[in-house]
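J.: So here's target33.pdb (PDB, C-alpha atoms).
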ATOM      1  CA  MET A   1     -12.195  -9.825  55.296
ATOM      2  CA  THR A   2      -8.954  -7.991  56.119
ATOM      3  CA  GLN A   3     -10.860  -5.855  58.595
ATOM      4  CA  LYS A   4     -11.965  -8.949  60.467
ATOM      5  CA  ILE A   5      -8.492 -10.411  60.712
ATOM      6  CA  LYS A   6      -7.053  -7.029  61.710
ATOM      7  CA  ASN A   7      -9.457  -6.905  64.598
ATOM      8  CA  TYR A   8      -8.239 -10.223  65.835
ATOM      9  CA  LEU A   9      -4.518  -9.319  65.802
ATOM     10  CA  THR A  10      -3.548  -8.598  69.380
ATOM     11  CA  ILE A  11      -0.420  -6.781  70.585
ATOM     12  CA  GLU A  12       1.114 -10.126  71.609
ATOM     13  CA  GLU A  13       0.413 -11.571  68.178
ATOM     14  CA  ALA A  14       1.848  -8.445  66.568
ATOM     15  CA  ASP A  15       5.006  -8.772  68.686
ATOM     16  CA  ARG A  16       5.331 -12.387  67.623
ATOM     17  CA  LEU A  17       4.857 -11.524  63.939
ATOM     18  CA  ILE A  18       7.309  -8.592  64.124
ATOM     19  CA  LYS A  19       9.927 -10.906  65.576
ATOM     20  CA  LYS A  20       9.129 -13.406  62.833
ATOM     21  CA  TYR A  21       9.383 -10.587  60.259
ATOM     22  CA  TYR A  22      12.873  -9.564  61.379
ATOM     23  CA  ASP A  23      13.886 -13.204  61.162
ATOM     24  CA  GLY A  24      12.614 -13.165  57.600
ATOM     25  CA  GLU A  25      10.060 -15.894  58.228
ATOM     26  CA  THR A  26       6.751 -14.096  57.684
ATOM     27  CA  SER A  27       4.453 -14.954  54.839
ATOM     28  CA  GLY A  28       2.869 -12.350  52.591
ATOM     29  CA  ALA A  29      -0.446 -12.701  54.383
ATOM     30  CA  GLU A  30       1.198 -12.205  57.742
ATOM     31  CA  GLU A  31       2.932  -9.070  56.505
ATOM     32  CA  VAL A  32      -0.397  -7.709  55.367
ATOM     33  CA  LEU A  33      -1.778  -8.420  58.832
ATOM     34  CA  LEU A  34       1.132  -6.587  60.386
ATOM     35  CA  GLN A  35       0.717  -3.652  58.032
ATOM     36  CA  ASP A  36      -2.938  -3.383  58.972
ATOM     37  CA  PHE A  37      -2.091  -3.614  62.639
ATOM     38  CA  LEU A  38       0.534  -0.884  62.401
ATOM     39  CA  ARG A  39      -1.856   1.434  60.593
ATOM     40  CA  GLN A  40      -3.932   1.653  63.751
ATOM     41  CA  GLU A  41      -3.731   4.764  65.851
ATOM     42  CA  ASP A  42      -3.007   4.817  69.590
ATOM     43  CA  LEU A  43      -0.416   2.087  69.358
ATOM     44  CA  PRO A  44       2.350   1.987  71.983
ATOM     45  CA  ALA A  45       5.348   4.099  71.021
ATOM     46  CA  ARG A  46       7.585   1.041  70.780
ATOM     47  CA  PHE A  47       5.858   0.139  67.524
ATOM     48  CA  GLU A  48       7.003   3.422  65.963
ATOM     49  CA  PRO A  49      10.057   1.986  64.100
ATOM     50  CA  GLU A  50       7.951  -0.832  62.593
ATOM     51  CA  ARG A  51       5.193   1.625  61.732
ATOM     52  CA  ALA A  52       7.764   3.781  59.892
ATOM     53  CA  LEU A  53       9.261   0.765  58.169
ATOM     54  CA  PHE A  54       5.943  -0.637  57.014
ATOM     55  CA  GLY A  55       4.756   2.828  56.039
ATOM     56  CA  TYR A  56       7.818   3.239  53.843
ATOM     57  CA  ILE A  57       7.364  -0.200  52.283
ATOM     58  CA  ALA A  58       3.681   0.505  51.564
ATOM     59  CA  GLU A  59       4.533   3.854  50.002
ATOM     60  CA  GLU A  60       7.222   2.297  47.779
ATOM     61  CA  LYS A  61       4.861  -0.440  46.747
ATOM     62  CA  SER A  62       2.165   2.047  45.806
ATOM     63  CA  ARG A  63       4.667   4.216  43.875
ATOM     64  CA  ARG A  64       5.887   1.174  41.978
ATOM     65  CA  THR A  65       2.325   0.102  41.199
ATOM     66  CA  HIS A  66       1.507   3.562  39.901
ATOM     67  CA  SER A  67       4.561   3.620  37.723
ATOM     68  CA  VAL A  68       3.824   0.131  36.373
ATOM     69  CA  ILE A  69       0.140   0.424  35.511
ATOM     70  CA  PRO A  70       0.388   3.017  32.747
ATOM     71  CA  THR A  71       3.466   1.418  31.125
ATOM     72  CA  GLN A  72       1.996   1.850  27.652
ATOM     73  CA  ASN A  73       1.749   5.592  28.056
ATOM     74  CA  LEU A  74       4.726   6.039  30.347
ATOM     75  CA  ARG A  75       7.260   6.671  27.635
ATOM     76  CA  LEU A  76       5.081   9.234  25.930
ATOM     77  CA  ARG A  77       4.109  10.846  29.205
ATOM     78  CA  LEU A  78       7.658  11.091  30.476
ATOM     79  CA  ASN A  79       9.252  12.020  27.203
ATOM     80  CA  PRO A  80       7.495  14.845  25.370
ATOM     81  CA  VAL A  81      10.255  14.861  22.748
ATOM     82  CA  LEU A  82       9.380  11.296  21.834
ATOM     83  CA  LYS A  83       5.679  12.136  21.796
ATOM     84  CA  TRP A  84       6.141  15.089  19.472
ATOM     85  CA  SER A  85       8.578  13.178  17.270
ATOM     86  CA  PHE A  86       5.960  10.479  16.905
ATOM     87  CA  ALA A  87       3.284  13.027  16.035
ATOM     88  CA  ALA A  88       5.630  14.699  13.546
ATOM     89  CA  ALA A  89       6.462  11.339  11.957
ATOM     90  CA  ILE A  90       2.772  10.565  11.482
ATOM     91  CA  LEU A  91       2.206  14.030  10.045
ATOM     92  CA  ILE A  92       5.133  13.722   7.626
ATOM     93  CA  PHE A  93       3.926  10.282   6.576
ATOM     94  CA  GLY A  94       0.441  11.683   5.977
ATOM     95  CA  VAL A  95       1.778  14.602   3.957
ATOM     96  CA  PHE A  96       3.997  12.240   1.954
ATOM     97  CA  ILE A  97       1.077   9.949   1.124
ATOM     98  CA  LEU A  98      -1.135  12.919   0.253
ATOM     99  CA  GLY A  99       1.606  14.420  -1.925
ATOM    100  CA  ASN A 100       2.093  11.115  -3.694
ATOM    101  CA  ARG A 101      -1.605  10.813  -4.367
ATOM    102  CA  ILE A 102      -1.883  14.317  -5.763
ATOM    103  CA  GLN A 103       1.185  13.691  -7.887
ATOM    104  CA  ALA A 104      -0.263  10.371  -9.035
ATOM    105  CA  GLN A 105      -3.493  12.043 -10.024
ATOM    106  CA  ASN A 106      -1.711  14.559 -12.199
ATOM    107  CA  ARG A 107       1.261  12.932 -13.843
ATOM    108  CA  ASN A 108       2.808  14.641 -16.783
ATOM    109  CA  VAL A 109       6.301  13.418 -17.260
ATOM    110  CA  ALA A 110       8.561  11.878 -19.846
ATOM    111  CA  TYR A 111      12.087  10.522 -19.688
ATOM    112  CA  ILE A 112      14.172  10.871 -22.789
ATOM    113  CA  ASP A 113      17.461   8.997 -22.485
ATOM    114  CA  GLY A 114      16.986   9.248 -18.714
ATOM    115  CA  ILE A 115      16.456  13.017 -18.787
ATOM    116  CA  ARG A 116      13.245  14.150 -17.148
ATOM    117  CA  CYS A 117      10.900  16.327 -19.149
ATOM    118  CA  THR A 118       7.727  17.906 -17.766
ATOM    119  CA  ASN A 119       6.824  20.165 -20.666
ATOM    120  CA  SER A 120       3.245  19.088 -21.264
ATOM    121  CA  LYS A 121       3.312  19.790 -25.019
ATOM    122  CA  GLU A 122       6.463  17.760 -25.467
ATOM    123  CA  VAL A 123       5.202  14.946 -23.262
ATOM    124  CA  THR A 124       1.888  14.793 -25.142
ATOM    125  CA  ALA A 125       3.747  14.774 -28.469
ATOM    126  CA  LEU A 126       5.873  11.861 -27.268
ATOM    127  CA  ALA A 127       2.746  10.005 -26.122
ATOM    128  CA  LEU A 128       1.141  10.455 -29.542
ATOM    129  CA  ALA A 129       4.375   9.392 -31.228
ATOM    130  CA  SER A 130       4.345   6.162 -29.232
ATOM    131  CA  ILE A 131       0.790   5.480 -30.432
ATOM    132  CA  ASP A 132       2.012   6.007 -33.997
ATOM    133  CA  GLN A 133       4.605   3.327 -33.461
ATOM    134  CA  ILE A 134       1.948   0.785 -32.573
ATOM    135  CA  ASN A 135       0.802  -1.069 -35.601
ATOM    136  CA  LEU A 136      -2.946  -0.470 -35.286
ATOM    137  CA  GLU A 137      -4.564  -1.878 -38.373
ATOM    138  CA  THR A 138      -7.980  -0.327 -38.233
ATOM    139  CA  ASP A 139     -10.184  -3.018 -39.709
ATOM    140  CA  GLU A 140      -8.460  -5.927 -38.080
ATOM    141  CA  VAL A 141      -8.544  -4.465 -34.584
ATOM    142  CA  ALA A 142     -12.056  -3.080 -34.911
ATOM    143  CA  GLY A 143     -13.221  -6.491 -36.182
ATOM    144  CA  THR A 144     -11.674  -8.292 -33.243
ATOM    145  CA  VAL A 145     -13.161  -5.872 -30.756
ATOM    146  CA  ASP A 146     -16.569  -6.236 -32.375
ATOM    147  CA  LYS A 147     -16.265 -10.000 -32.069
ATOM    148  CA  MET A 148     -15.238  -9.707 -28.434
ATOM    149  CA  ASN A 149     -18.235  -7.604 -27.653
ATOM    150  CA  ASP A 150     -20.637  -9.732 -29.679
ATOM    151  CA  LYS A 151     -22.674 -11.690 -27.162
ATOM    152  CA  ASN A 152     -24.256 -13.755 -29.949
ATOM    153  CA  LEU A 153     -20.900 -14.750 -31.403
ATOM    154  CA  VAL A 154     -21.190 -18.467 -30.546
ATOM    155  CA  GLU A 155     -24.739 -18.651 -31.853
ATOM    156  CA  SER A 156     -23.878 -16.886 -35.100
ATOM    157  CA  GLN A 157     -20.885 -19.167 -35.627
ATOM    158  CA  LEU A 158     -22.974 -22.263 -34.955
ATOM    159  CA  GLN A 159     -25.380 -21.132 -37.685
ATOM    160  CA  GLN A 160     -22.643 -22.098 -40.123
ATOM    161  CA  PHE A 161     -23.286 -25.696 -39.116
ATOM    162  CA  PRO A 162     -27.020 -26.257 -39.686
ATOM    163  CA  GLU A 163     -26.664 -30.015 -39.136
ATOM    164  CA  LEU A 164     -26.001 -29.315 -35.440
ATOM    165  CA  LYS A 165     -29.483 -27.873 -34.994
TER     166      LYS A 165
ATOM    167  CA  MET B   1      -8.430   6.595  28.012
ATOM    168  CA  ILE B   2     -10.347   4.476  25.529
ATOM    169  CA  ARG B   3     -10.445   7.384  23.116
ATOM    170  CA  LYS B   4      -6.708   7.845  23.426
ATOM    171  CA  LYS B   5      -6.060   4.161  22.884
ATOM    172  CA  SER B   6      -8.329   3.830  19.870
ATOM    173  CA  PHE B   7      -7.025   6.988  18.230
ATOM    174  CA  LEU B   8      -3.619   5.684  17.176
ATOM    175  CA  PRO B   9      -4.662   2.419  15.466
ATOM    176  CA  LEU B  10      -7.475   4.288  13.785
ATOM    177  CA  LEU B  11      -5.089   6.896  12.469
ATOM    178  CA  LEU B  12      -2.649   4.257  11.258
ATOM    179  CA  LEU B  13      -5.488   2.337   9.642
ATOM    180  CA  LEU B  14      -6.658   5.497   7.902
ATOM    181  CA  LEU B  15      -3.159   6.286   6.653
ATOM    182  CA  GLY B  16      -2.719   2.690   5.532
ATOM    183  CA  TRP B  17      -5.955   2.788   3.595
ATOM    184  CA  PHE B  18      -4.986   6.122   2.108
ATOM    185  CA  ALA B  19      -1.618   4.750   1.048
ATOM    186  CA  ALA B  20      -3.120   1.553  -0.333
ATOM    187  CA  SER B  21      -5.764   3.371  -2.347
ATOM    188  CA  GLY B  22      -2.985   5.400  -3.914
ATOM    189  CA  VAL B  23      -1.278   2.271  -5.179
ATOM    190  CA  GLN B  24      -1.469   2.202  -8.940
ATOM    191  CA  ALA B  25      -3.541  -0.368 -10.763
ATOM    192  CA  GLN B  26      -0.635  -1.013 -13.071
ATOM    193  CA  ASN B  27       1.598  -2.240 -10.266
ATOM    194  CA  ASP B  28      -0.036  -5.658 -10.279
ATOM    195  CA  LEU B  29       1.242  -6.231 -13.808
ATOM    196  CA  PHE B  30       4.551  -7.651 -14.902
ATOM    197  CA  ILE B  31       4.967  -4.999 -17.577
ATOM    198  CA  SER B  32       5.373  -2.387 -14.834
ATOM    199  CA  LYS B  33       8.827  -3.914 -14.377
ATOM    200  CA  VAL B  34       9.716  -2.959 -17.945
ATOM    201  CA  PHE B  35       8.904   0.677 -17.139
ATOM    202  CA  ASP B  36      10.761   0.502 -13.851
ATOM    203  CA  MET B  37      13.857  -1.209 -15.220
ATOM    204  CA  TYR B  38      14.340   0.505 -18.552
ATOM    205  CA  GLY B  39      12.377   3.775 -18.239
ATOM    206  CA  LYS B  40      15.326   5.981 -17.377
ATOM    207  CA  LYS B  41      17.978   4.329 -19.538
ATOM    208  CA  LYS B  42      19.750   5.689 -22.577
ATOM    209  CA  GLY B  43      18.030   5.051 -25.878
ATOM    210  CA  VAL B  44      14.671   4.904 -24.126
ATOM    211  CA  VAL B  45      11.700   7.264 -24.186
ATOM    212  CA  MET B  46       9.158   6.782 -21.433
ATOM    213  CA  VAL B  47       5.937   8.764 -21.030
ATOM    214  CA  ASP B  48       3.690   8.797 -17.983
ATOM    215  CA  LEU B  49       0.442  10.746 -18.054
ATOM    216  CA  SER B  50      -2.574  10.906 -15.809
ATOM    217  CA  GLY B  51      -5.101  13.403 -14.551
ATOM    218  CA  GLU B  52      -6.268  16.584 -16.244
ATOM    219  CA  ILE B  53      -4.068  16.270 -19.322
ATOM    220  CA  LEU B  54      -5.844  13.034 -20.308
ATOM    221  CA  GLU B  55      -9.364  14.232 -19.653
ATOM    222  CA  GLN B  56      -9.882  15.282 -23.289
ATOM    223  CA  TYR B  57      -8.937  11.745 -24.385
ATOM    224  CA  ARG B  58     -11.185  10.189 -21.718
ATOM    225  CA  LEU B  59      -8.269   8.194 -20.390
ATOM    226  CA  THR B  60      -7.221   7.994 -16.766
ATOM    227  CA  ARG B  61      -3.675   6.745 -17.259
ATOM    228  CA  PHE B  62      -1.292   6.507 -20.161
ATOM    229  CA  ARG B  63       2.170   5.002 -19.976
ATOM    230  CA  SER B  64       4.393   4.256 -22.883
ATOM    231  CA  ILE B  65       7.955   3.179 -23.360
ATOM    232  CA  THR B  66       9.995   2.989 -26.543
ATOM    233  CA  ILE B  67      13.256   1.099 -26.357
ATOM    234  CA  LYS B  68      15.731   1.074 -29.204
ATOM    235  CA  ASP B  69      18.374  -1.514 -30.031
ATOM    236  CA  ASP B  70      18.079  -3.548 -26.867
ATOM    237  CA  PRO B  71      17.266  -7.189 -27.644
ATOM    238  CA  GLN B  72      17.473  -8.090 -23.964
ATOM    239  CA  ALA B  73      14.825  -5.503 -23.083
ATOM    240  CA  ALA B  74      12.650  -6.797 -25.915
ATOM    241  CA  ALA B  75      12.957 -10.368 -24.647
ATOM    242  CA  PHE B  76      12.172  -9.218 -21.126
ATOM    243  CA  ALA B  77       9.113  -7.236 -22.279
ATOM    244  CA  ARG B  78       7.821 -10.276 -24.187
ATOM    245  CA  LYS B  79       8.221 -12.440 -21.082
ATOM    246  CA  CYS B  80       6.321  -9.903 -18.985
ATOM    247  CA  LEU B  81       3.564  -9.778 -21.594
ATOM    248  CA  GLU B  82       3.362 -13.551 -21.565
ATOM    249  CA  ARG B  83       2.719 -13.431 -17.820
ATOM    250  CA  ASP B  84       0.186 -10.609 -18.103
ATOM    251  CA  GLN B  85      -1.724 -12.515 -20.778
ATOM    252  CA  VAL B  86      -3.047 -14.856 -18.103
ATOM    253  CA  GLY B  87      -6.674 -13.885 -17.574
ATOM    254  CA  ALA B  88      -6.537 -11.214 -20.280
ATOM    255  CA  LYS B  89      -8.335 -11.133 -23.617
ATOM    256  CA  LYS B  90      -6.065 -11.094 -26.602
ATOM    257  CA  ILE B  91      -7.329  -8.614 -29.182
ATOM    258  CA  LYS B  92      -4.516  -9.141 -31.597
ATOM    259  CA  GLU B  93      -1.261 -11.022 -31.892
ATOM    260  CA  VAL B  94       1.101 -11.044 -34.829
ATOM    261  CA  VAL B  95       3.927 -13.547 -34.753
ATOM    262  CA  ALA B  96       6.837 -13.299 -37.162
ATOM    263  CA  ASN B  97       9.483 -16.026 -37.221
ATOM    264  CA  GLY B  98       8.180 -17.354 -33.931
ATOM    265  CA  ILE B  99       8.488 -13.982 -32.208
ATOM    266  CA  PRO B 100       5.376 -11.975 -31.313
ATOM    267  CA  THR B 101       5.786  -8.603 -32.962
ATOM    268  CA  SER B 102       2.422  -7.139 -32.159
ATOM    269  CA  ILE B 103       0.203  -7.859 -29.160
ATOM    270  CA  TYR B 104      -2.910  -6.097 -27.899
ATOM    271  CA  LEU B 105      -4.338  -7.237 -24.597
ATOM    272  CA  GLN B 106      -7.520  -6.321 -22.827
ATOM    273  CA  LEU B 107      -6.890  -6.893 -19.137
ATOM    274  CA  PRO B 108      -9.565  -7.744 -16.600
ATOM    275  CA  ARG B 109     -11.193  -4.605 -15.236
ATOM    276  CA  LEU B 110      -9.794  -3.257 -12.037
ATOM    277  CA  GLY B 111     -12.552  -1.385 -10.259
ATOM    278  CA  GLN B 112     -13.934   1.052 -12.785
ATOM    279  CA  ASP B 113     -10.851   0.973 -14.956
ATOM    280  CA  ASN B 114     -10.677  -0.806 -18.254
ATOM    281  CA  ARG B 115      -7.041  -1.613 -18.980
ATOM    282  CA  LEU B 116      -5.230  -2.211 -22.211
ATOM    283  CA  ILE B 117      -1.704  -3.182 -23.141
ATOM    284  CA  LEU B 118      -0.397  -2.531 -26.635
ATOM    285  CA  TYR B 119       2.957  -3.891 -27.725
ATOM    286  CA  ASN B 120       4.814  -3.556 -30.963
ATOM    287  CA  GLU B 121       8.192  -4.735 -32.082
ATOM    288  CA  SER B 122       9.724  -3.367 -35.253
ATOM    289  CA  ARG B 123      13.000  -4.393 -36.880
ATOM    290  CA  SER B 124      13.059  -1.988 -39.786
ATOM    291  CA  GLY B 125      15.956   0.389 -39.187
ATOM    292  CA  GLY B 126      17.091  -1.407 -36.049
ATOM    293  CA  LEU B 127      15.169  -3.077 -33.260
ATOM    294  CA  ARG B 128      12.561  -0.885 -31.640
ATOM    295  CA  ILE B 129       9.935  -1.967 -29.142
ATOM    296  CA  THR B 130       6.973   0.110 -28.039
ATOM    297  CA  LEU B 131       4.890  -0.808 -25.033
ATOM    298  CA  ILE B 132       1.774   1.152 -24.089
ATOM    299  CA  TYR B 133      -0.395   0.767 -21.023
ATOM    300  CA  ILE B 134      -3.773   2.512 -20.925
ATOM    301  CA  GLU B 135      -6.436   2.875 -18.263
ATOM    302  CA  SER B 136      -9.853   4.296 -19.000
ATOM    303  CA  ASN B 137     -13.398   4.263 -17.770
ATOM    304  CA  ASP B 138     -14.441   3.718 -21.388
ATOM    305  CA  ASP B 139     -14.689   0.292 -22.972
ATOM    306  CA  THR B 140     -11.965  -1.193 -25.142
ATOM    307  CA  GLU B 141     -13.710  -0.351 -28.383
ATOM    308  CA  ALA B 142     -13.943   3.313 -27.488
ATOM    309  CA  ILE B 143     -10.299   3.438 -26.437
ATOM    310  CA  LEU B 144      -9.081   1.798 -29.625
ATOM    311  CA  LYS B 145     -11.296   4.027 -31.753
ATOM    312  CA  LEU B 146      -9.779   7.019 -30.007
ATOM    313  CA  LEU B 147      -6.256   5.752 -30.658
ATOM    314  CA  LEU B 148      -7.051   5.060 -34.289
ATOM    315  CA  LYS B 149      -8.460   8.562 -34.619
ATOM    316  CA  LYS B 150      -5.283   9.983 -33.131
ATOM    317  CA  LYS B 151      -3.238   7.986 -35.633
ATOM    318  CA  GLN B 152      -5.101   9.186 -38.677
TER     319      GLN B 152
END
For the file at hand, write its structure as structure tokens.
T.:
Amino acid sequence: MTQKIKNYLTIEEADRLIKKYYDGETSGAEEVLLQDFLRQEDLPARFEPERALFGYIAEEKSRRTHSVIPTQNLRLRLNPVLKWSFAAAILIFGVFILGNRIQAQNRNVAYIDGIRCTNSKEVTALALASIDQINLETDEVAGTVDKMNDKNLVESQLQQFPELK
Amino acid sequence: MIRKKSFLPLLLLLLGWFAASGVQAQNDLFISKVFDMYGKKKGVVMVDLSGEILEQYRLTRFRSITIKDDPQAAAFARKCLERDQVGAKKIKEVVANGIPTSIYLQLPRLGQDNRLILYNESRSGGLRITLIYIESNDDTEAILKLLLKKKQ
């Protein structure tokens, strides 16, 4: 499409558009036409300043476009310190999570009056002592658990009321 | 480009999952606040065990806290237990003068873990509360039998 239009732009038309351009009255489409016209070889030397001007504008535009497209990666690409800091942060976070998980899998700690104790014998003794403090009455608890696990509990209780059958 | 783009969210997702799976089952309970708030105070003994040390008892987690002479802590623990009772099976409850002095709760299973809360409040020789939280792959009966065996 552009090729077609470019072919139709004569030197007179180009002169008219250049004049219009310097007056600041050209449209975007007209500027594109001019750009295409000035890209042609074997143009009269008087078009040299416009060719340079439009060449510069086109180059700037392309540079700007290139610097805009990869915006998401620009910061990382331009700033290796930021990139490595980010990688280090992820690594530290990963190590922290892993450490926490390992620690969580193997806890062996007691606090006595706020003082930390990791002696496994002492910690185990304290754990057993806390069980001692719980009032586990063997029969009562065992009976309740049995009842909880008895799937026929309702049926067996209803047997006490034969008139319901 | 696509590989680069998909790498970061994937990594974050993986780390997030890793972090979330490390979150303790007990954290969804109100009683965890009792451990957090009073665990490192004076007059308190708190125990936290998990992993290899509990393998012989067939438990996966054991937490206990004993608080002496702190009526406020006792009231707070009772309130937390009240909240945690929702959806739990009550194995035992002893009430003395309107105050629950002994509560055993079987909590709904969380994954493979069977969870129990044992609470006792004693006033002989000063106020003393004991709160125990247990996780195990075993059923409640087996856990209680084990605890009874340990007591005897």
J.: Which residue, A:Glu122, A:Asp15, A:Glu30, A:Asp113, has the smallest gap to chain B when you use only C-alpha atoms?
T.: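 Under the stated criterion, the closest residue is A:Asp113.
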J.: Give me, as JSON, numbers by chain, the residues of chain A touching chain B, with the criterion being at most 6 Å (counting only C-alpha atoms).
T.: {"A": [97, 101, 105, 106, 107, 108, 109, 110, 111, 112, 113, 114, 132, 134, 144]}
J.: Save the residues we just selected, C-alpha atoms, as a compact mmCIF listing (two decimals), in the coordinates of the input?
T.:
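As written to disk, selection.txt reads:
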# COMPACT_ATOMS: atom_id res chain seq x y z
CA ILE A 97 1.08 9.95 1.12
CA ARG A 101 -1.60 10.81 -4.37
CA GLN A 105 -3.49 12.04 -10.02
CA ASN A 106 -1.71 14.56 -12.20
CA ARG A 107 1.26 12.93 -13.84
CA ASN A 108 2.81 14.64 -16.78
CA VAL A 109 6.30 13.42 -17.26
CA ALA A 110 8.56 11.88 -19.85
CA TYR A 111 12.09 10.52 -19.69
CA ILE A 112 14.17 10.87 -22.79
CA ASP A 113 17.46 9.00 -22.48
CA GLY A 114 16.99 9.25 -18.71
CA ASP A 132 2.01 6.01 -34.00
CA ILE A 134 1.95 0.78 -32.57
CA THR A 144 -11.67 -8.29 -33.24
J.: To one decimal place in Å, what is the distance between CA of Val95 (chain A) and CA of Arg116 (chain A)?
T.: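 CA of Arg116 (chain A) lies at a distance of 24.0 Å from CA of Val95 (chain A).
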J.: Return the single residue from A:Phe54, A:Trp84, A:Phe161, A:Arg39 that is closest to Ile18 (chain A), with distances computed using only C-alpha atoms.
T.: A:Phe54
J.: Would you compute the distance between CA of Arg63 (chain A) and CA of Lys19 (chain A)? Give it in Å to one decimal.
T.: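 Computing the Euclidean distance for CA of Arg63 (chain A) and CA of Lys19 (chain A) yields 27.0 Å.
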J.: Box for region 39-50 of chain B: with edges along x, y and z, all listed atoms inside and 8 Å added on each side, what are the centre and edge lengths in Å to one decimal, as AutoDock Vina command-line options?
T.:
--center_x 8.6 --center_y 7.3 --center_z -20.8 --size_x 38.3 --size_y 23.1 --size_z 26.1
J.: Between CA of Gln112 (chain B) and CA of Ser136 (chain B), what distance in Å does the model show, to one decimal?
T.: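 So the two atoms, CA of Gln112 (chain B) and CA of Ser136 (chain B), lie 8.1 Å apart.
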J.: Give the answer as one residue: which of A:Asn119, A:Thr10, A:Asn79, A:Gln133 has the shortest atom-to-atom distance to Leu33 (chain A), using all atoms listed in the file?
T.: A:Thr10
J.: For this file, the PyMOL selection byres ((chain A and resi 34) around 12) selects which residues, as a PDB file with C-alpha atoms, in the frame of the given file?
T.:
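The resulting file, selection_6.pdb, is shown below:
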ATOM      1  CA  THR A   2      -8.954  -7.991  56.119  1.00  0.00           C
ATOM      2  CA  ILE A   5      -8.492 -10.411  60.712  1.00  0.00           C
ATOM      3  CA  LYS A   6      -7.053  -7.029  61.710  1.00  0.00           C
ATOM      4  CA  ASN A   7      -9.457  -6.905  64.598  1.00  0.00           C
ATOM      5  CA  TYR A   8      -8.239 -10.223  65.835  1.00  0.00           C
ATOM      6  CA  LEU A   9      -4.518  -9.319  65.802  1.00  0.00           C
ATOM      7  CA  THR A  10      -3.548  -8.598  69.380  1.00  0.00           C
ATOM      8  CA  ILE A  11      -0.420  -6.781  70.585  1.00  0.00           C
ATOM      9  CA  GLU A  12       1.114 -10.126  71.609  1.00  0.00           C
ATOM     10  CA  GLU A  13       0.413 -11.571  68.178  1.00  0.00           C
ATOM     11  CA  ALA A  14       1.848  -8.445  66.568  1.00  0.00           C
ATOM     12  CA  ASP A  15       5.006  -8.772  68.686  1.00  0.00           C
ATOM     13  CA  ARG A  16       5.331 -12.387  67.623  1.00  0.00           C
ATOM     14  CA  LEU A  17       4.857 -11.524  63.939  1.00  0.00           C
ATOM     15  CA  ILE A  18       7.309  -8.592  64.124  1.00  0.00           C
ATOM     16  CA  LYS A  19       9.927 -10.906  65.576  1.00  0.00           C
ATOM     17  CA  LYS A  20       9.129 -13.406  62.833  1.00  0.00           C
ATOM     18  CA  TYR A  21       9.383 -10.587  60.259  1.00  0.00           C
ATOM     19  CA  THR A  26       6.751 -14.096  57.684  1.00  0.00           C
ATOM     20  CA  SER A  27       4.453 -14.954  54.839  1.00  0.00           C
ATOM     21  CA  GLY A  28       2.869 -12.350  52.591  1.00  0.00           C
ATOM     22  CA  ALA A  29      -0.446 -12.701  54.383  1.00  0.00           C
ATOM     23  CA  GLU A  30       1.198 -12.205  57.742  1.00  0.00           C
ATOM     24  CA  GLU A  31       2.932  -9.070  56.505  1.00  0.00           C
ATOM     25  CA  VAL A  32      -0.397  -7.709  55.367  1.00  0.00           C
ATOM     26  CA  LEU A  33      -1.778  -8.420  58.832  1.00  0.00           C
ATOM     27  CA  GLN A  35       0.717  -3.652  58.032  1.00  0.00           C
ATOM     28  CA  ASP A  36      -2.938  -3.383  58.972  1.00  0.00           C
ATOM     29  CA  PHE A  37      -2.091  -3.614  62.639  1.00  0.00           C
ATOM     30  CA  LEU A  38       0.534  -0.884  62.401  1.00  0.00           C
ATOM     31  CA  ARG A  39      -1.856   1.434  60.593  1.00  0.00           C
ATOM     32  CA  GLN A  40      -3.932   1.653  63.751  1.00  0.00           C
ATOM     33  CA  PHE A  47       5.858   0.139  67.524  1.00  0.00           C
ATOM     34  CA  GLU A  50       7.951  -0.832  62.593  1.00  0.00           C
ATOM     35  CA  ARG A  51       5.193   1.625  61.732  1.00  0.00           C
ATOM     36  CA  LEU A  53       9.261   0.765  58.169  1.00  0.00           C
ATOM     37  CA  PHE A  54       5.943  -0.637  57.014  1.00  0.00           C
ATOM     38  CA  GLY A  55       4.756   2.828  56.039  1.00  0.00           C
ATOM     39  CA  ALA A  58       3.681   0.505  51.564  1.00  0.00           C
TER      40      ALA A  58
END
J.: For region 28-34 of chain B, where the input has fewer atoms than it should, I would like N, CA and C atoms rebuilt and written as an mmCIF file, in the frame of the given file.
T.:
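What follows is the written file out_34.cif:
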data_model
loop_
_atom_site.group_PDB
_atom_site.id
_atom_site.type_symbol
_atom_site.label_atom_id
_atom_site.label_comp_id
_atom_site.auth_asym_id
_atom_site.auth_seq_id
_atom_site.Cartn_x
_atom_site.Cartn_y
_atom_site.Cartn_z
ATOM 1 N N ASP B 28 0.185 -4.219 -10.388
ATOM 2 C CA ASP B 28 -0.036 -5.658 -10.279
ATOM 3 C C ASP B 28 0.405 -6.377 -11.545
ATOM 4 N N LEU B 29 0.862 -5.645 -12.524
ATOM 5 C CA LEU B 29 1.242 -6.231 -13.808
ATOM 6 C C LEU B 29 2.750 -6.404 -13.937
ATOM 7 N N PHE B 30 3.119 -7.413 -14.700
ATOM 8 C CA PHE B 30 4.551 -7.651 -14.902
ATOM 9 C C PHE B 30 5.184 -6.566 -15.776
ATOM 10 N N ILE B 31 4.388 -6.011 -16.687
ATOM 11 C CA ILE B 31 4.967 -4.999 -17.577
ATOM 12 C C ILE B 31 5.431 -3.748 -16.819
ATOM 13 N N SER B 32 4.915 -3.560 -15.598
ATOM 14 C CA SER B 32 5.373 -2.387 -14.834
ATOM 15 C C SER B 32 6.874 -2.479 -14.571
ATOM 16 N N LYS B 33 7.378 -3.717 -14.577
ATOM 17 C CA LYS B 33 8.827 -3.914 -14.377
ATOM 18 C C LYS B 33 9.625 -3.386 -15.569
ATOM 19 N N VAL B 34 9.028 -3.474 -16.752
ATOM 20 C CA VAL B 34 9.716 -2.959 -17.945
ATOM 21 C C VAL B 34 9.904 -1.437 -17.795
#
